[in-house]
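Chemist: What follows is a single structure, and I will ask about it in a moment.
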Number of protein chains: 2
Amino acid sequence: MDENSKYKELLNREGIKSTRHRNAILELLEESEFPQTAEQLFITLREKTASIDLSTVYRTLDTFASKNLVIKSNRVDDGKALYELNHNEHKHHILCVGCHKLISIEDCPIGELKQTLKNKIDFDITGHKLEIYGYCHDCKKYKLPPGNHDNL
Amino acid sequence: MDENSKYKELLNREGIKSTRHRNAILELLEESEFPQTAEQLFITLREKTASIDLSTVYRTLDTFASKNLVIKSNRVDDGKALYELNHNEHKHHILCVGCHKLISIEDCPIGELKQTLKNKIDFDITGHKLEIYGYCHDCKKYKLPPGNHDNL
DNA sequence: ATGCAAATGCAAGGCAGTTGCATTTGGCGA
DNA sequence: TCGCCAAATGCAACTGCCTTGCATTTGCAT
């Protein structure tokens, strides 16, 4: 049990045990640039760290989500659950529908809306999901047809 | 077959047959203020228009979606598929995670961001999807944890 | 080291959605 | 109006994603 236990303090702070699997999952999530499905994580875990059960992956991720260590969301097109580390930094991705590249942006336009809604209809926003599609610098010149991501 | 066939032209224009079920589903969607799950639609259909099979509901909705007559999306918290008529008007909903109520808002905060991104990284936004969730006026006082407290 | 609650593996189960196939139906042409 | 045929539907079985019950193992406080 080398330096894997660098997550131990983090986990103990949340009142849960530090285990081999939990450390491995945290490590893997830390390496992941984008949200992953449970199965993607499961497969990678099987490859690098001996055996783990899929139900353990789900249970661990849900535990982490309940502690706000990870953020669980659902993929727009097929509804599969996605998990990513909660860096407590707020950011969104924009997807280029030409080359499928994901680009991170720090801009978030929800701030004002939050206050507006609170005043208008007394609604407390606790979270949101924003997905933006379009063409990146490189792809716009090819003018590929967009998918069914219209509106706007 | 009374005036239900008011949808006939619409369906024929898309190259598909006008049937009892399809008319009923279109009518129901037209009456629905918010996106519905397939099962909600199924139950309502069973109540008003004799028998229909759940698979027919799914197949019909998918057909409509492929013709862009309806918009299919996924509920943020549980990933269930939602279907709504495509009115080609731009609007967003906010979801109360306490009671699952959906509230329409006309505000759309993407406008400015669109220009910002164009200037900053030369990205052309062609579409987006925004999902907002939180607690509505009625639910915030109960401080219910997120979950399926439909029809509180 | 020991004991116990928490974590895990395993297998079965649950639920949303899909599919294969036999039957029915809409709509066109005769 | 009739009959035909592809399209639509019902039915039941099935898939995939995820959850749960229970027996076993493991982390960690003492």
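By convention in this document, the chains of the structure tokens carry letters A, B, ... by their order, each chain's residues are numbered from 1, and ligands are numbered from 1 in the order they are shown.
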If you count only C-alpha atoms (C1' of nucleotides), which residues fall within 10 Å of Leu45 (chain B), apart from same-chain ones fewer than 5 positions away, as number ranges by chain?
Modeler: B: 21, 24-25, 28, 39-40, 50-54, 57
Chemist: What does the file look like for those residues with N, CA, C and O atoms, as a PDB file, in the first residue's frame?
Modeler:
```
ATOM      1  N   HIS B  21     -53.420   5.367 -33.586  1.00  0.00           N
ATOM      2  CA  HIS B  21     -52.462   5.590 -32.513  1.00  0.00           C
ATOM      3  C   HIS B  21     -51.615   6.836 -32.736  1.00  0.00           C
ATOM      4  O   HIS B  21     -51.356   7.603 -31.815  1.00  0.00           O
ATOM      5  N   ALA B  24     -53.594   9.861 -32.051  1.00  0.00           N
ATOM      6  CA  ALA B  24     -53.824  10.012 -30.613  1.00  0.00           C
ATOM      7  C   ALA B  24     -52.584  10.536 -29.909  1.00  0.00           C
ATOM      8  O   ALA B  24     -52.657  11.392 -29.018  1.00  0.00           O
ATOM      9  N   ILE B  25     -51.418  10.018 -30.306  1.00  0.00           N
ATOM     10  CA  ILE B  25     -50.171  10.451 -29.676  1.00  0.00           C
ATOM     11  C   ILE B  25     -49.871  11.906 -29.996  1.00  0.00           C
ATOM     12  O   ILE B  25     -49.486  12.684 -29.122  1.00  0.00           O
ATOM     13  N   LEU B  28     -52.216  14.023 -27.974  1.00  0.00           N
ATOM     14  CA  LEU B  28     -51.816  14.051 -26.567  1.00  0.00           C
ATOM     15  C   LEU B  28     -50.600  14.944 -26.351  1.00  0.00           C
ATOM     16  O   LEU B  28     -50.534  15.727 -25.397  1.00  0.00           O
ATOM     17  N   GLU B  39     -43.874   6.330 -20.719  1.00  0.00           N
ATOM     18  CA  GLU B  39     -44.832   5.642 -19.867  1.00  0.00           C
ATOM     19  C   GLU B  39     -46.000   6.538 -19.465  1.00  0.00           C
ATOM     20  O   GLU B  39     -47.144   6.094 -19.431  1.00  0.00           O
ATOM     21  N   GLN B  40     -45.708   7.797 -19.174  1.00  0.00           N
ATOM     22  CA  GLN B  40     -46.784   8.740 -18.877  1.00  0.00           C
ATOM     23  C   GLN B  40     -47.756   8.792 -20.046  1.00  0.00           C
ATOM     24  O   GLN B  40     -48.973   8.723 -19.871  1.00  0.00           O
ATOM     25  N   ALA B  50     -58.764   3.427 -25.670  1.00  0.00           N
ATOM     26  CA  ALA B  50     -58.682   1.971 -25.696  1.00  0.00           C
ATOM     27  C   ALA B  50     -57.260   1.449 -25.552  1.00  0.00           C
ATOM     28  O   ALA B  50     -56.460   2.007 -24.818  1.00  0.00           O
ATOM     29  N   SER B  51     -56.942   0.405 -26.246  1.00  0.00           N
ATOM     30  CA  SER B  51     -55.676  -0.283 -26.023  1.00  0.00           C
ATOM     31  C   SER B  51     -54.579   0.189 -26.964  1.00  0.00           C
ATOM     32  O   SER B  51     -54.814   0.523 -28.104  1.00  0.00           O
ATOM     33  N   ILE B  52     -53.401   0.201 -26.419  1.00  0.00           N
ATOM     34  CA  ILE B  52     -52.206   0.454 -27.218  1.00  0.00           C
ATOM     35  C   ILE B  52     -51.078  -0.232 -26.487  1.00  0.00           C
ATOM     36  O   ILE B  52     -51.106  -0.383 -25.263  1.00  0.00           O
ATOM     37  N   ASP B  53     -50.094  -0.671 -27.218  1.00  0.00           N
ATOM     38  CA  ASP B  53     -48.972  -1.355 -26.590  1.00  0.00           C
ATOM     39  C   ASP B  53     -47.841  -0.374 -26.336  1.00  0.00           C
ATOM     40  O   ASP B  53     -47.630   0.567 -27.104  1.00  0.00           O
ATOM     41  N   LEU B  54     -47.119  -0.626 -25.242  1.00  0.00           N
ATOM     42  CA  LEU B  54     -46.023   0.273 -24.898  1.00  0.00           C
ATOM     43  C   LEU B  54     -44.981   0.326 -26.002  1.00  0.00           C
ATOM     44  O   LEU B  54     -44.410   1.381 -26.293  1.00  0.00           O
ATOM     45  N   VAL B  57     -45.911   2.781 -28.525  1.00  0.00           N
ATOM     46  CA  VAL B  57     -45.648   4.147 -28.082  1.00  0.00           C
ATOM     47  C   VAL B  57     -44.190   4.506 -28.349  1.00  0.00           C
ATOM     48  O   VAL B  57     -43.879   5.536 -28.947  1.00  0.00           O
TER      49      VAL B  57
END
```
Chemist: Do you have, as CSV, the list of residues of chain A lying at most 8 Å from chain B, each with its nearest atom pair and that distance in Å to one decimal, counting only C-alpha atoms and ordered by chain then number?
Modeler:
```
residue,atom,partner,partner_atom,distance
A:Ser73,CA,B:Val76,CA,7.0
A:Asn74,CA,B:Gly79,CA,5.8
A:Arg75,CA,B:Gly79,CA,8.0
A:Val76,CA,B:Asn74,CA,6.1
A:Asp77,CA,B:Ser73,CA,7.4
A:Asp78,CA,B:Asn74,CA,7.8
A:Gly79,CA,B:Gly79,CA,4.8
A:Lys80,CA,B:Gly79,CA,7.0
A:Ala81,CA,B:Gly79,CA,7.6
A:Asp107,CA,B:Leu113,CA,7.4
A:Pro109,CA,B:Pro109,CA,5.6
A:Ile110,CA,B:Pro109,CA,6.8
A:Leu113,CA,B:Pro109,CA,7.2
A:Ile121,CA,B:His137,CA,7.4
A:Asp122,CA,B:His137,CA,5.4
A:Phe123,CA,B:Cys136,CA,4.6
A:Asp124,CA,B:Tyr135,CA,5.1
A:Ile125,CA,B:Gly134,CA,4.2
A:Thr126,CA,B:Gly134,CA,4.5
A:Gly127,CA,B:Tyr133,CA,5.5
A:His128,CA,B:Ile132,CA,4.1
A:Lys129,CA,B:Glu131,CA,5.0
A:Leu130,CA,B:Leu130,CA,4.5
A:Glu131,CA,B:Lys129,CA,5.0
A:Ile132,CA,B:His128,CA,4.2
A:Tyr133,CA,B:Gly127,CA,5.1
A:Gly134,CA,B:Ile125,CA,4.1
A:Tyr135,CA,B:Asp124,CA,5.1
A:Cys136,CA,B:Phe123,CA,4.6
A:His137,CA,B:Asp122,CA,5.3
A:Lys140,CA,B:Asp124,CA,7.5
A:Pro146,CA,B:Thr126,CA,7.8
A:His149,CA,B:Gly127,CA,5.5
A:Asp150,CA,B:Gly127,CA,5.1
A:Asn151,CA,B:Gly127,CA,5.6
A:Leu152,CA,B:Gly127,CA,5.7
```
Chemist: I'd like a table as JSON lines: residues in chain D with an atom no more than 10 Å from chain B, each row giving the shortest atom pair and its distance in Å to one decimal, only C-alpha atoms (C1' of nucleotides) counted, sorted by chain and rising residue number.
Modeler:
```
{"residue": "D:DA7", "atom": "C1'", "partner": "B:Lys17", "partner_atom": "CA", "distance": 7.6}
{"residue": "D:DA8", "atom": "C1'", "partner": "B:Thr19", "partner_atom": "CA", "distance": 8.1}
{"residue": "D:DT9", "atom": "C1'", "partner": "B:Thr56", "partner_atom": "CA", "distance": 6.6}
{"residue": "D:DG10", "atom": "C1'", "partner": "B:Asp53", "partner_atom": "CA", "distance": 6.4}
{"residue": "D:DC11", "atom": "C1'", "partner": "B:Asp53", "partner_atom": "CA", "distance": 8.6}
```
Chemist: So which residues of region 50-152 of chain B fall under strand (DSSP E or B) by DSSP, listed as a ChimeraX atom specification?
Modeler: /B:70-74,81-85,92-96,102-105,124-135
Chemist: Can I get the selection written as a compact mmCIF listing (two decimals), in the first residue's frame, with N, CA and C atoms?
Modeler:
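Saved file selection.txt follows:
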```txt
# COMPACT_ATOMS: atom_id res chain seq x y z
N VAL B 70 -41.09 15.38 -33.12
CA VAL B 70 -40.96 15.50 -31.67
C VAL B 70 -39.48 15.58 -31.30
N ILE B 71 -39.22 16.14 -30.13
CA ILE B 71 -37.87 16.26 -29.62
C ILE B 71 -37.72 15.27 -28.47
N LYS B 72 -36.71 14.45 -28.58
CA LYS B 72 -36.44 13.47 -27.53
C LYS B 72 -35.27 13.96 -26.71
N SER B 73 -35.42 13.90 -25.41
CA SER B 73 -34.31 14.29 -24.55
C SER B 73 -34.26 13.34 -23.36
N ASN B 74 -33.35 13.59 -22.46
CA ASN B 74 -33.26 12.74 -21.28
C ASN B 74 -33.36 13.56 -20.01
N ALA B 81 -36.12 8.92 -20.82
CA ALA B 81 -36.38 9.65 -22.06
C ALA B 81 -37.63 10.50 -21.94
N LEU B 82 -37.54 11.70 -22.45
CA LEU B 82 -38.68 12.62 -22.46
C LEU B 82 -39.00 13.00 -23.90
N TYR B 83 -40.29 13.15 -24.18
CA TYR B 83 -40.71 13.49 -25.53
C TYR B 83 -41.63 14.69 -25.50
N GLU B 84 -41.41 15.59 -26.46
CA GLU B 84 -42.28 16.76 -26.56
C GLU B 84 -42.42 17.12 -28.03
N LEU B 85 -43.51 17.76 -28.35
CA LEU B 85 -43.72 18.21 -29.71
C LEU B 85 -42.67 19.25 -30.08
N HIS B 92 -36.42 26.74 -22.53
CA HIS B 92 -35.81 25.78 -21.62
C HIS B 92 -36.78 25.47 -20.49
N HIS B 93 -36.46 24.38 -19.80
CA HIS B 93 -37.25 24.02 -18.63
C HIS B 93 -36.34 23.96 -17.42
N ILE B 94 -36.92 24.19 -16.29
CA ILE B 94 -36.19 23.89 -15.07
C ILE B 94 -36.94 22.80 -14.33
N LEU B 95 -36.19 21.88 -13.78
CA LEU B 95 -36.77 20.72 -13.12
C LEU B 95 -36.63 20.84 -11.61
N CYS B 96 -37.75 20.66 -10.91
CA CYS B 96 -37.66 20.58 -9.46
C CYS B 96 -37.33 19.14 -9.08
N LEU B 102 -41.89 20.32 -13.93
CA LEU B 102 -41.10 21.06 -14.91
C LEU B 102 -41.69 22.44 -15.07
N ILE B 103 -40.86 23.43 -15.12
CA ILE B 103 -41.31 24.80 -15.29
C ILE B 103 -40.61 25.39 -16.52
N SER B 104 -41.40 26.01 -17.37
CA SER B 104 -40.82 26.60 -18.58
C SER B 104 -40.26 27.98 -18.28
N ILE B 105 -39.15 28.28 -18.90
CA ILE B 105 -38.64 29.64 -18.81
C ILE B 105 -38.29 30.13 -20.21
N ASP B 124 -18.13 28.49 -33.70
CA ASP B 124 -19.50 28.85 -34.09
C ASP B 124 -20.51 27.93 -33.43
N ILE B 125 -21.28 28.45 -32.51
CA ILE B 125 -22.31 27.64 -31.86
C ILE B 125 -23.49 27.43 -32.80
N THR B 126 -23.89 26.18 -32.98
CA THR B 126 -25.06 25.92 -33.81
C THR B 126 -26.23 25.45 -32.97
N GLY B 127 -25.98 25.01 -31.77
CA GLY B 127 -27.08 24.55 -30.93
C GLY B 127 -26.61 24.31 -29.52
N HIS B 128 -27.56 24.14 -28.62
CA HIS B 128 -27.17 23.86 -27.25
C HIS B 128 -28.34 23.24 -26.52
N LYS B 129 -28.00 22.72 -25.38
CA LYS B 129 -29.00 22.10 -24.54
C LYS B 129 -28.72 22.54 -23.12
N LEU B 130 -29.72 23.07 -22.46
CA LEU B 130 -29.52 23.57 -21.11
C LEU B 130 -30.53 22.93 -20.19
N GLU B 131 -30.03 22.32 -19.15
CA GLU B 131 -30.93 21.72 -18.17
C GLU B 131 -30.61 22.26 -16.80
N ILE B 132 -31.63 22.79 -16.18
CA ILE B 132 -31.45 23.42 -14.88
C ILE B 132 -32.30 22.68 -13.86
N TYR B 133 -31.75 22.46 -12.70
CA TYR B 133 -32.55 21.80 -11.69
C TYR B 133 -32.35 22.43 -10.32
N GLY B 134 -33.26 22.15 -9.44
CA GLY B 134 -33.19 22.74 -8.12
C GLY B 134 -34.49 22.49 -7.36
N TYR B 135 -34.83 23.39 -6.47
CA TYR B 135 -36.04 23.22 -5.68
C TYR B 135 -37.03 24.34 -5.95
```
Chemist: Using only C-alpha atoms (C1' of nucleotides), which of A:Thr37, A:Asn119, A:Thr63, A:Thr49 sits nearest chain C?
Modeler: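 Looking only at the distances to chain C, the closest residue turns out to be A:Thr63.
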Chemist: For DG3 (chain D), list every protein, DNA or RNA residue within 12 Å, evaluated using only C-alpha atoms (C1' of nucleotides), and leave out those in the same chain fewer than 6 positions away; present the list as a PyMOL selection string.
Modeler: chain C and resi 27-30
Chemist: Write out, as an mmCIF file, in the first residue's frame, the residues just selected, with N, CA and C atoms (P, O5', C5', C4', C3', O3' and C1' of nucleotides).
Modeler:
```cif
data_model
loop_
_atom_site.group_PDB
_atom_site.id
_atom_site.type_symbol
_atom_site.label_atom_id
_atom_site.label_comp_id
_atom_site.auth_asym_id
_atom_site.auth_seq_id
_atom_site.Cartn_x
_atom_site.Cartn_y
_atom_site.Cartn_z
ATOM 1 P P DG C 27 -54.128 6.311 -44.180
ATOM 2 O "O5'" DG C 27 -53.865 5.839 -45.679
ATOM 3 C "C5'" DG C 27 -52.540 5.490 -46.074
ATOM 4 C "C4'" DG C 27 -52.564 4.960 -47.486
ATOM 5 C "C3'" DG C 27 -53.379 5.795 -48.476
ATOM 6 O "O3'" DG C 27 -52.718 5.735 -49.720
ATOM 7 C "C1'" DG C 27 -54.172 3.621 -48.480
ATOM 8 P P DC C 28 -52.754 7.003 -50.700
ATOM 9 O "O5'" DC C 28 -52.281 6.341 -52.073
ATOM 10 C "C5'" DC C 28 -51.229 5.358 -52.074
ATOM 11 C "C4'" DC C 28 -51.589 4.213 -52.989
ATOM 12 C "C3'" DC C 28 -52.257 4.662 -54.303
ATOM 13 O "O3'" DC C 28 -51.564 4.123 -55.417
ATOM 14 C "C1'" DC C 28 -53.493 2.911 -53.277
ATOM 15 P P DG C 29 -51.997 4.695 -56.926
ATOM 16 O "O5'" DG C 29 -51.548 3.427 -57.828
ATOM 17 C "C5'" DG C 29 -51.372 2.166 -57.246
ATOM 18 C "C4'" DG C 29 -52.246 1.100 -57.900
ATOM 19 C "C3'" DG C 29 -52.846 1.466 -59.257
ATOM 20 O "O3'" DG C 29 -52.840 0.287 -60.070
ATOM 21 C "C1'" DG C 29 -54.599 0.964 -57.756
ATOM 22 P P DA C 30 -53.438 0.313 -61.524
ATOM 23 O "O5'" DA C 30 -54.679 -0.683 -61.407
ATOM 24 C "C5'" DA C 30 -54.446 -2.036 -61.012
ATOM 25 C "C4'" DA C 30 -55.766 -2.762 -60.846
ATOM 26 C "C3'" DA C 30 -56.657 -2.762 -62.104
ATOM 27 O "O3'" DA C 30 -57.297 -4.024 -62.231
ATOM 28 C "C1'" DA C 30 -57.810 -1.723 -60.321
#
```
Chemist: Could you give me, as a ChimeraX atom specification, each residue of chain A that DSSP assigns to alpha helix (DSSP H) when run on this structure's backbone?
Modeler: /A:8-13,20-31,38-48,54-66,110-121
Chemist: Can I get the selected residues back with N, CA and C atoms, as a short mmCIF file (atom, residue, chain, number, x, y, z; two decimals), in the first residue's frame?
Modeler:
```cif
data_model
loop_
_atom_site.label_atom_id
_atom_site.label_comp_id
_atom_site.auth_asym_id
_atom_site.auth_seq_id
_atom_site.Cartn_x
_atom_site.Cartn_y
_atom_site.Cartn_z
N LYS A 8 -6.32 8.62 1.25
CA LYS A 8 -6.87 8.17 2.52
C LYS A 8 -7.46 9.32 3.34
N GLU A 9 -6.69 10.36 3.43
CA GLU A 9 -7.15 11.49 4.22
C GLU A 9 -8.46 12.04 3.67
N LEU A 10 -8.47 12.17 2.35
CA LEU A 10 -9.67 12.67 1.67
C LEU A 10 -10.89 11.83 2.01
N LEU A 11 -10.70 10.51 1.96
CA LEU A 11 -11.82 9.61 2.20
C LEU A 11 -12.24 9.64 3.66
N ASN A 12 -11.25 9.64 4.53
CA ASN A 12 -11.57 9.68 5.97
C ASN A 12 -12.32 10.96 6.34
N ARG A 13 -11.92 12.04 5.67
CA ARG A 13 -12.59 13.31 5.92
C ARG A 13 -14.08 13.20 5.63
N ARG A 20 -8.54 -0.31 -1.43
CA ARG A 20 -7.81 -0.48 -2.68
C ARG A 20 -8.64 0.02 -3.86
N HIS A 21 -9.90 -0.43 -3.90
CA HIS A 21 -10.75 -0.07 -5.04
C HIS A 21 -11.05 1.42 -5.07
N ARG A 22 -11.35 1.96 -3.93
CA ARG A 22 -11.71 3.38 -3.90
C ARG A 22 -10.53 4.25 -4.31
N ASN A 23 -9.36 3.86 -3.85
CA ASN A 23 -8.18 4.62 -4.25
C ASN A 23 -7.97 4.53 -5.76
N ALA A 24 -8.13 3.31 -6.28
CA ALA A 24 -7.92 3.10 -7.71
C ALA A 24 -8.91 3.91 -8.53
N ILE A 25 -10.17 3.95 -8.07
CA ILE A 25 -11.18 4.69 -8.81
C ILE A 25 -10.91 6.19 -8.76
N LEU A 26 -10.50 6.68 -7.61
CA LEU A 26 -10.17 8.10 -7.50
C LEU A 26 -9.00 8.44 -8.41
N GLU A 27 -8.01 7.57 -8.40
CA GLU A 27 -6.83 7.80 -9.23
C GLU A 27 -7.21 7.85 -10.70
N LEU A 28 -8.03 6.90 -11.09
CA LEU A 28 -8.45 6.82 -12.49
C LEU A 28 -9.25 8.05 -12.90
N LEU A 29 -10.14 8.46 -12.02
CA LEU A 29 -10.94 9.65 -12.32
C LEU A 29 -10.05 10.88 -12.44
N GLU A 30 -9.00 10.89 -11.64
CA GLU A 30 -8.10 12.04 -11.67
C GLU A 30 -7.34 12.10 -13.00
N GLU A 31 -7.10 10.95 -13.56
CA GLU A 31 -6.40 10.90 -14.84
C GLU A 31 -7.32 11.21 -16.02
N ALA A 38 -19.61 4.24 -16.19
CA ALA A 38 -19.18 3.27 -15.19
C ALA A 38 -18.46 2.11 -15.88
N GLU A 39 -18.94 1.75 -17.03
CA GLU A 39 -18.34 0.61 -17.71
C GLU A 39 -16.94 0.92 -18.25
N GLN A 40 -16.75 2.12 -18.76
CA GLN A 40 -15.41 2.51 -19.19
C GLN A 40 -14.45 2.40 -18.03
N LEU A 41 -14.86 2.92 -16.89
CA LEU A 41 -14.03 2.87 -15.70
C LEU A 41 -13.78 1.42 -15.29
N PHE A 42 -14.83 0.63 -15.31
CA PHE A 42 -14.74 -0.78 -14.93
C PHE A 42 -13.70 -1.51 -15.78
N ILE A 43 -13.79 -1.31 -17.10
CA ILE A 43 -12.87 -1.99 -18.00
C ILE A 43 -11.43 -1.58 -17.75
N THR A 44 -11.22 -0.29 -17.60
CA THR A 44 -9.87 0.19 -17.33
C THR A 44 -9.35 -0.35 -16.01
N LEU A 45 -10.22 -0.38 -15.01
CA LEU A 45 -9.82 -0.88 -13.70
C LEU A 45 -9.41 -2.35 -13.78
N ARG A 46 -10.18 -3.10 -14.54
CA ARG A 46 -9.86 -4.52 -14.70
C ARG A 46 -8.49 -4.71 -15.33
N GLU A 47 -8.18 -3.81 -16.27
CA GLU A 47 -6.89 -3.92 -16.96
C GLU A 47 -5.72 -3.60 -16.03
N LYS A 48 -5.88 -2.53 -15.26
CA LYS A 48 -4.73 -2.15 -14.46
C LYS A 48 -4.72 -2.73 -13.05
N LEU A 54 -18.36 -5.02 -11.18
CA LEU A 54 -19.06 -3.86 -11.72
C LEU A 54 -19.96 -3.21 -10.68
N SER A 55 -20.57 -4.05 -9.84
CA SER A 55 -21.45 -3.47 -8.82
C SER A 55 -20.67 -2.63 -7.83
N THR A 56 -19.43 -3.02 -7.59
CA THR A 56 -18.58 -2.22 -6.71
C THR A 56 -18.29 -0.87 -7.33
N VAL A 57 -18.06 -0.88 -8.64
CA VAL A 57 -17.80 0.38 -9.33
C VAL A 57 -19.01 1.30 -9.17
N TYR A 58 -20.19 0.76 -9.44
CA TYR A 58 -21.39 1.58 -9.30
C TYR A 58 -21.58 2.06 -7.87
N ARG A 59 -21.41 1.14 -6.94
CA ARG A 59 -21.63 1.53 -5.54
C ARG A 59 -20.63 2.58 -5.10
N THR A 60 -19.40 2.41 -5.52
CA THR A 60 -18.36 3.37 -5.13
C THR A 60 -18.65 4.74 -5.73
N LEU A 61 -19.00 4.73 -7.01
CA LEU A 61 -19.28 6.00 -7.66
C LEU A 61 -20.47 6.71 -7.03
N ASP A 62 -21.48 5.92 -6.69
CA ASP A 62 -22.64 6.53 -6.04
C ASP A 62 -22.30 7.09 -4.66
N THR A 63 -21.47 6.32 -3.95
CA THR A 63 -21.00 6.82 -2.65
C THR A 63 -20.26 8.13 -2.82
N PHE A 64 -19.34 8.15 -3.77
CA PHE A 64 -18.58 9.38 -4.03
C PHE A 64 -19.51 10.52 -4.42
N ALA A 65 -20.49 10.21 -5.22
CA ALA A 65 -21.42 11.25 -5.66
C ALA A 65 -22.19 11.82 -4.47
N SER A 66 -22.57 10.93 -3.56
CA SER A 66 -23.34 11.40 -2.39
C SER A 66 -22.47 12.26 -1.48
N ILE A 110 -24.96 31.04 -16.30
CA ILE A 110 -26.11 30.76 -15.45
C ILE A 110 -26.25 31.74 -14.28
N GLY A 111 -25.15 32.33 -13.90
CA GLY A 111 -25.14 33.19 -12.73
C GLY A 111 -26.30 34.16 -12.63
N GLU A 112 -26.46 34.97 -13.65
CA GLU A 112 -27.52 35.98 -13.61
C GLU A 112 -28.90 35.33 -13.60
N LEU A 113 -29.00 34.29 -14.43
CA LEU A 113 -30.28 33.60 -14.53
C LEU A 113 -30.73 33.08 -13.17
N LYS A 114 -29.76 32.64 -12.40
CA LYS A 114 -30.04 32.10 -11.08
C LYS A 114 -30.79 33.12 -10.22
N GLN A 115 -30.27 34.32 -10.21
CA GLN A 115 -30.90 35.35 -9.41
C GLN A 115 -32.25 35.76 -9.99
N THR A 116 -32.30 35.81 -11.30
CA THR A 116 -33.55 36.16 -11.98
C THR A 116 -34.67 35.20 -11.58
N LEU A 117 -34.35 33.91 -11.62
CA LEU A 117 -35.37 32.91 -11.31
C LEU A 117 -35.77 32.94 -9.85
N LYS A 118 -34.79 33.22 -9.01
CA LYS A 118 -35.08 33.29 -7.59
C LYS A 118 -36.09 34.41 -7.33
N ASN A 119 -35.87 35.53 -7.96
CA ASN A 119 -36.77 36.66 -7.78
C ASN A 119 -38.13 36.41 -8.44
N LYS A 120 -38.08 35.91 -9.65
CA LYS A 120 -39.31 35.77 -10.41
C LYS A 120 -40.24 34.69 -9.88
N ILE A 121 -39.71 33.49 -9.68
CA ILE A 121 -40.61 32.40 -9.30
C ILE A 121 -40.16 31.65 -8.07
#
```
Chemist: Using only C-alpha atoms (C1' of nucleotides), find which residues of chain C lie within 9 Å of chain B and jot them down as an MDAnalysis selection string.
Modeler: chainID C and resid 16:18 25:27
Chemist: Report the distance between C1' of DT30 (chain D) and C1' of DT2 (chain C) in Å, rounded to one decimal place.
Modeler: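 About the pair C1' of DT30 (chain D) and C1' of DT2 (chain C): they are 8.8 Å apart.
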Chemist: One number please: C1' of DT25 (chain D) to C1' of DG9 (chain C), in Å, one decimal.
Modeler: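 Separating C1' of DT25 (chain D) from C1' of DG9 (chain C) is a distance of 9.2 Å.
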Chemist: Give me the residues within 12 Å of DT24 (chain D) as a list in words, counting only C-alpha atoms (C1' of nucleotides) and dropping any in the same chain fewer than 6 places off.
Modeler: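 Counting only C-alpha atoms (C1' of nucleotides), the residues come to DA7, DT8, DG9 and DC10 of chain C.
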Chemist: Restrict the selected residues to N, CA, C and O atoms (P, O5', C5', C4', C3', O3' and C1' of nucleotides) and save them as a PDB file, in the first residue's frame.
Modeler:
```
ATOM      1  P    DA C   7     -17.990   1.937   3.813  1.00  0.00           P
ATOM      2  O5'  DA C   7     -17.402   0.673   3.044  1.00  0.00           O
ATOM      3  C5'  DA C   7     -16.023   0.371   3.202  1.00  0.00           C
ATOM      4  C4'  DA C   7     -15.657  -0.840   2.366  1.00  0.00           C
ATOM      5  C3'  DA C   7     -16.085  -0.762   0.897  1.00  0.00           C
ATOM      6  O3'  DA C   7     -14.980  -1.190   0.120  1.00  0.00           O
ATOM      7  C1'  DA C   7     -16.925  -2.737   1.871  1.00  0.00           C
ATOM      8  P    DT C   8     -15.016  -1.166  -1.452  1.00  0.00           P
ATOM      9  O5'  DT C   8     -15.347  -2.682  -1.807  1.00  0.00           O
ATOM     10  C5'  DT C   8     -14.408  -3.692  -1.440  1.00  0.00           C
ATOM     11  C4'  DT C   8     -14.950  -5.052  -1.785  1.00  0.00           C
ATOM     12  C3'  DT C   8     -15.427  -5.222  -3.234  1.00  0.00           C
ATOM     13  O3'  DT C   8     -14.531  -6.118  -3.873  1.00  0.00           O
ATOM     14  C1'  DT C   8     -16.917  -6.231  -1.654  1.00  0.00           C
ATOM     15  P    DG C   9     -14.694  -6.495  -5.402  1.00  0.00           P
ATOM     16  O5'  DG C   9     -15.486  -7.877  -5.268  1.00  0.00           O
ATOM     17  C5'  DG C   9     -14.925  -8.921  -4.492  1.00  0.00           C
ATOM     18  C4'  DG C   9     -15.722 -10.213  -4.684  1.00  0.00           C
ATOM     19  C3'  DG C   9     -16.113 -10.546  -6.114  1.00  0.00           C
ATOM     20  O3'  DG C   9     -16.039 -11.968  -6.244  1.00  0.00           O
ATOM     21  C1'  DG C   9     -18.080 -10.240  -4.824  1.00  0.00           C
ATOM     22  P    DC C  10     -16.153 -12.686  -7.663  1.00  0.00           P
ATOM     23  O5'  DC C  10     -17.625 -13.299  -7.626  1.00  0.00           O
ATOM     24  C5'  DC C  10     -18.058 -14.020  -6.470  1.00  0.00           C
ATOM     25  C4'  DC C  10     -19.559 -14.235  -6.536  1.00  0.00           C
ATOM     26  C3'  DC C  10     -20.121 -14.409  -7.953  1.00  0.00           C
ATOM     27  O3'  DC C  10     -20.845 -15.616  -7.994  1.00  0.00           O
ATOM     28  C1'  DC C  10     -21.415 -12.863  -6.716  1.00  0.00           C
TER      29       DC C  10
END
```
Chemist: Have a look at CA of Leu69 (chain A) and C1' of DG13 (chain C) and let me know their distance in Å, one decimal.
Modeler: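 These two atoms are separated by 29.1 Å.
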